[in-house]
Amino acid sequence: EAISPAELQPILDDIAHDMASATDRGEPAIYIPELGSVDPGQFGIALCLPGGETLQAGDATTPFSIQSISKVFTLAIALGRLGDSLWARVGREPSGLAFNSIVALEHNNGIPRNPFVNPGAIAVTDAILHGLQPRDVLAELLQFLRTAAEDDDIHIDKDVALSELAHAHRNIAMAEFMASHGNLQNPTALTIGTYCHQCAVDMTCVQLARAGRFLAGFANAPRLVSPSRVRRINALMLTCGHYDASGDFAYQVGLPGKSGVGGGILSIAPTRASIAVWSPGLNAQGNSKLGALAMERLAEATGWSVFG
Ligand code: GLN
């Protein structure tokens, strides 16, 4: 039997209470200077249920940089636009490597391991940019997010985008390497500029949980992607959504999830809940330290693991 909102609220309150006083919080990402100055003392959690309820606790209405969580939404857009031909340019295997690792590219002839590591997401962005201007792609992404969340107050933080762009040497290197293998269709500067702006979308936990409802397969969620694609995006989130900690997230939480270096995690309990957590401090793999811990607590309290 489904857990009621009345039973869930105290669980969220407990988690938020404990996370607020946690001392070992990890460090915010500093390689994007604009993110390094975010107060690590914050924690928020929000979740949406199939009945239409949204529950929240902690700093759930504070906007944060979604960063790599954007990769889920650009993948959905790319699959809608290009269909399975996208898979000629990017694989579907976990990398077992850091999000910004270059080495796998050389082993795979410039084909990134999956759409959720940086080079994979750069290839996806490059694919949807083809024939368009960066501003068109970013407008399409914002429209997708606003429709998914049913909330028009979702924007790009220009300062974060420019801060990342000024330090994008590694992502540029990966894009150039892909170009050397014929796996880039646009000038590197355009693709990377678009990519840095997509990562700089600001959302709150409430907005992100609402935007994830289509992935949870709720009947009343905006229908943006076919059910078979939803299933596959969830499969990729489970196997690749946390980089070299994807196995650990599957083991500890048992739900598809996607993290970002802004400290957010979007996690999906298929048919049951769309969940967003946020805390800026990261662990060694670049995933939110308290966010992952909170997801563990929630999965244990609810029994929502996809593994039963
Ligand atoms: N914009 C970030 C980068 O490319 C995204 C990384 C992340 O969130 N893991 O480095």
# chains A, B, ... in the order shown; residues from 1 in each chain; ligands from 1
>>> residues_around(residues="Arg210 of chain A", least_positions_apart="2", cutoff="8 Å", atoms="only C-alpha atoms", output="ChimeraX atom specification")
/A:47-48,54,148-150,206-208,212-213,274
>>> residues_around(residues="Ile122 of chain A", least_positions_apart="6", cutoff="10 Å", atoms="only C-alpha atoms", output="NGL selection string")
:A and (71 or 74 or 90 or 112 or 115-116 or 171-172 or 174-175 or 178 or 184 or 188 or 191-192 or 194-196)
>>> write_last_selection(atoms="N, CA and C atoms", output="PDB file, in the first residue's frame")
ATOM      1  N   LYS A  71      21.533  17.285 -17.861  1.00  0.00           N
ATOM      2  CA  LYS A  71      21.850  16.257 -18.862  1.00  0.00           C
ATOM      3  C   LYS A  71      20.678  15.302 -19.093  1.00  0.00           C
ATOM      4  N   THR A  74      18.315  17.387 -21.496  1.00  0.00           N
ATOM      5  CA  THR A  74      18.809  17.501 -22.883  1.00  0.00           C
ATOM      6  C   THR A  74      18.776  16.132 -23.564  1.00  0.00           C
ATOM      7  N   VAL A  90      26.971   8.392 -28.886  1.00  0.00           N
ATOM      8  CA  VAL A  90      27.234   8.274 -27.452  1.00  0.00           C
ATOM      9  C   VAL A  90      26.751   6.905 -26.983  1.00  0.00           C
ATOM     10  N   PRO A 112      31.752   8.979 -26.384  1.00  0.00           N
ATOM     11  CA  PRO A 112      31.672   8.961 -24.920  1.00  0.00           C
ATOM     12  C   PRO A 112      30.913   7.740 -24.420  1.00  0.00           C
ATOM     13  N   PRO A 115      25.509   9.333 -21.878  1.00  0.00           N
ATOM     14  CA  PRO A 115      25.101  10.739 -22.020  1.00  0.00           C
ATOM     15  C   PRO A 115      25.234  11.557 -20.750  1.00  0.00           C
ATOM     16  N   PHE A 116      25.617  10.940 -19.624  1.00  0.00           N
ATOM     17  CA  PHE A 116      25.639  11.665 -18.357  1.00  0.00           C
ATOM     18  C   PHE A 116      27.034  12.052 -17.889  1.00  0.00           C
ATOM     19  N   ASN A 171      36.531  20.681 -20.578  1.00  0.00           N
ATOM     20  CA  ASN A 171      35.400  20.354 -21.457  1.00  0.00           C
ATOM     21  C   ASN A 171      35.722  20.707 -22.902  1.00  0.00           C
ATOM     22  N   ILE A 172      36.449  21.810 -23.098  1.00  0.00           N
ATOM     23  CA  ILE A 172      36.857  22.196 -24.455  1.00  0.00           C
ATOM     24  C   ILE A 172      37.796  21.129 -25.030  1.00  0.00           C
ATOM     25  N   MET A 174      37.886  17.992 -24.316  1.00  0.00           N
ATOM     26  CA  MET A 174      37.111  16.799 -24.668  1.00  0.00           C
ATOM     27  C   MET A 174      36.325  17.011 -25.953  1.00  0.00           C
ATOM     28  N   ALA A 175      35.770  18.212 -26.108  1.00  0.00           N
ATOM     29  CA  ALA A 175      35.024  18.513 -27.342  1.00  0.00           C
ATOM     30  C   ALA A 175      35.963  18.463 -28.545  1.00  0.00           C
ATOM     31  N   MET A 178      36.753  14.899 -29.417  1.00  0.00           N
ATOM     32  CA  MET A 178      35.629  14.295 -30.157  1.00  0.00           C
ATOM     33  C   MET A 178      35.614  14.804 -31.596  1.00  0.00           C
ATOM     34  N   LEU A 184      31.767  15.721 -33.560  1.00  0.00           N
ATOM     35  CA  LEU A 184      31.270  17.047 -33.152  1.00  0.00           C
ATOM     36  C   LEU A 184      30.794  17.746 -34.430  1.00  0.00           C
ATOM     37  N   THR A 188      33.431  24.122 -31.691  1.00  0.00           N
ATOM     38  CA  THR A 188      33.561  23.808 -30.270  1.00  0.00           C
ATOM     39  C   THR A 188      33.035  24.928 -29.378  1.00  0.00           C
ATOM     40  N   THR A 191      29.224  24.820 -29.092  1.00  0.00           N
ATOM     41  CA  THR A 191      28.729  23.678 -28.321  1.00  0.00           C
ATOM     42  C   THR A 191      29.042  23.855 -26.840  1.00  0.00           C
ATOM     43  N   ILE A 192      30.263  24.253 -26.520  1.00  0.00           N
ATOM     44  CA  ILE A 192      30.639  24.418 -25.108  1.00  0.00           C
ATOM     45  C   ILE A 192      29.917  25.608 -24.479  1.00  0.00           C
ATOM     46  N   THR A 194      26.946  26.621 -25.241  1.00  0.00           N
ATOM     47  CA  THR A 194      25.576  26.140 -24.986  1.00  0.00           C
ATOM     48  C   THR A 194      25.567  25.230 -23.767  1.00  0.00           C
ATOM     49  N   TYR A 195      26.548  24.332 -23.717  1.00  0.00           N
ATOM     50  CA  TYR A 195      26.633  23.376 -22.605  1.00  0.00           C
ATOM     51  C   TYR A 195      26.786  24.103 -21.253  1.00  0.00           C
ATOM     52  N   CYS A 196      27.667  25.085 -21.200  1.00  0.00           N
ATOM     53  CA  CYS A 196      27.869  25.803 -19.926  1.00  0.00           C
ATOM     54  C   CYS A 196      26.601  26.544 -19.504  1.00  0.00           C
TER      55      CYS A 196
END
>>> residues_near_ligand(ligand="ligand 1", cutoff="7 Å", atoms="only C-alpha atoms and all ligand atoms", output="PyMOL selection string")
chain A and resi 67-69+99-100+118+164+171+196+199+259-262+286
>>> atom_distance(atom1="atom CA of Leu290 of chain A", atom2="atom CA of Val201 of chain A")
21.3 Å
>>> residues_around(residues="Pro28 of chain A", least_positions_apart="3", cutoff="7 Å", atoms="only C-alpha atoms", output="MDAnalysis selection string")
chainID A and resid 35:36 40 280:282
>>> atom_distance(atom1="atom CA of Ala166 of chain A", atom2="atom CA of Ile128 of chain A")
23.1 Å
>>> select_by_dssp(residues="segment 127-222 of chain A", states="alpha helix (DSSP H)", output="PyMOL selection string")
chain A and resi 127-129+134-149+158-165+169-180+188-199+205-211+213-216
>>> residues_around(residues="Leu224 of chain A", least_positions_apart="2", cutoff="8 Å", atoms="only C-alpha atoms", output="PyMOL selection string")
chain A and resi 148+214+222+226
>>> closest_atom_pairs(of="segment 281-303 of chain A", to="segment 235-246 of chain A", cutoff="10 Å", atoms="only C-alpha atoms", output="JSON lines")
{"residue": "A:Asn283", "atom": "CA", "partner": "A:Ala245", "partner_atom": "CA", "distance": 9.9}
{"residue": "A:Ala284", "atom": "CA", "partner": "A:Ala245", "partner_atom": "CA", "distance": 9.3}
{"residue": "A:Gln285", "atom": "CA", "partner": "A:Ala245", "partner_atom": "CA", "distance": 6.5}
{"residue": "A:Gly286", "atom": "CA", "partner": "A:His242", "partner_atom": "CA", "distance": 8.5}
{"residue": "A:Asn287", "atom": "CA", "partner": "A:His242", "partner_atom": "CA", "distance": 6.9}
{"residue": "A:Ser288", "atom": "CA", "partner": "A:His242", "partner_atom": "CA", "distance": 9.9}
{"residue": "A:Ala292", "atom": "CA", "partner": "A:His242", "partner_atom": "CA", "distance": 9.9}
>>> closest_residue(among="A:Gly308, A:Pro256, A:Gly264, A:Pro50", to="Ser70 of chain A", atoms="only C-alpha atoms")
A:Gly264
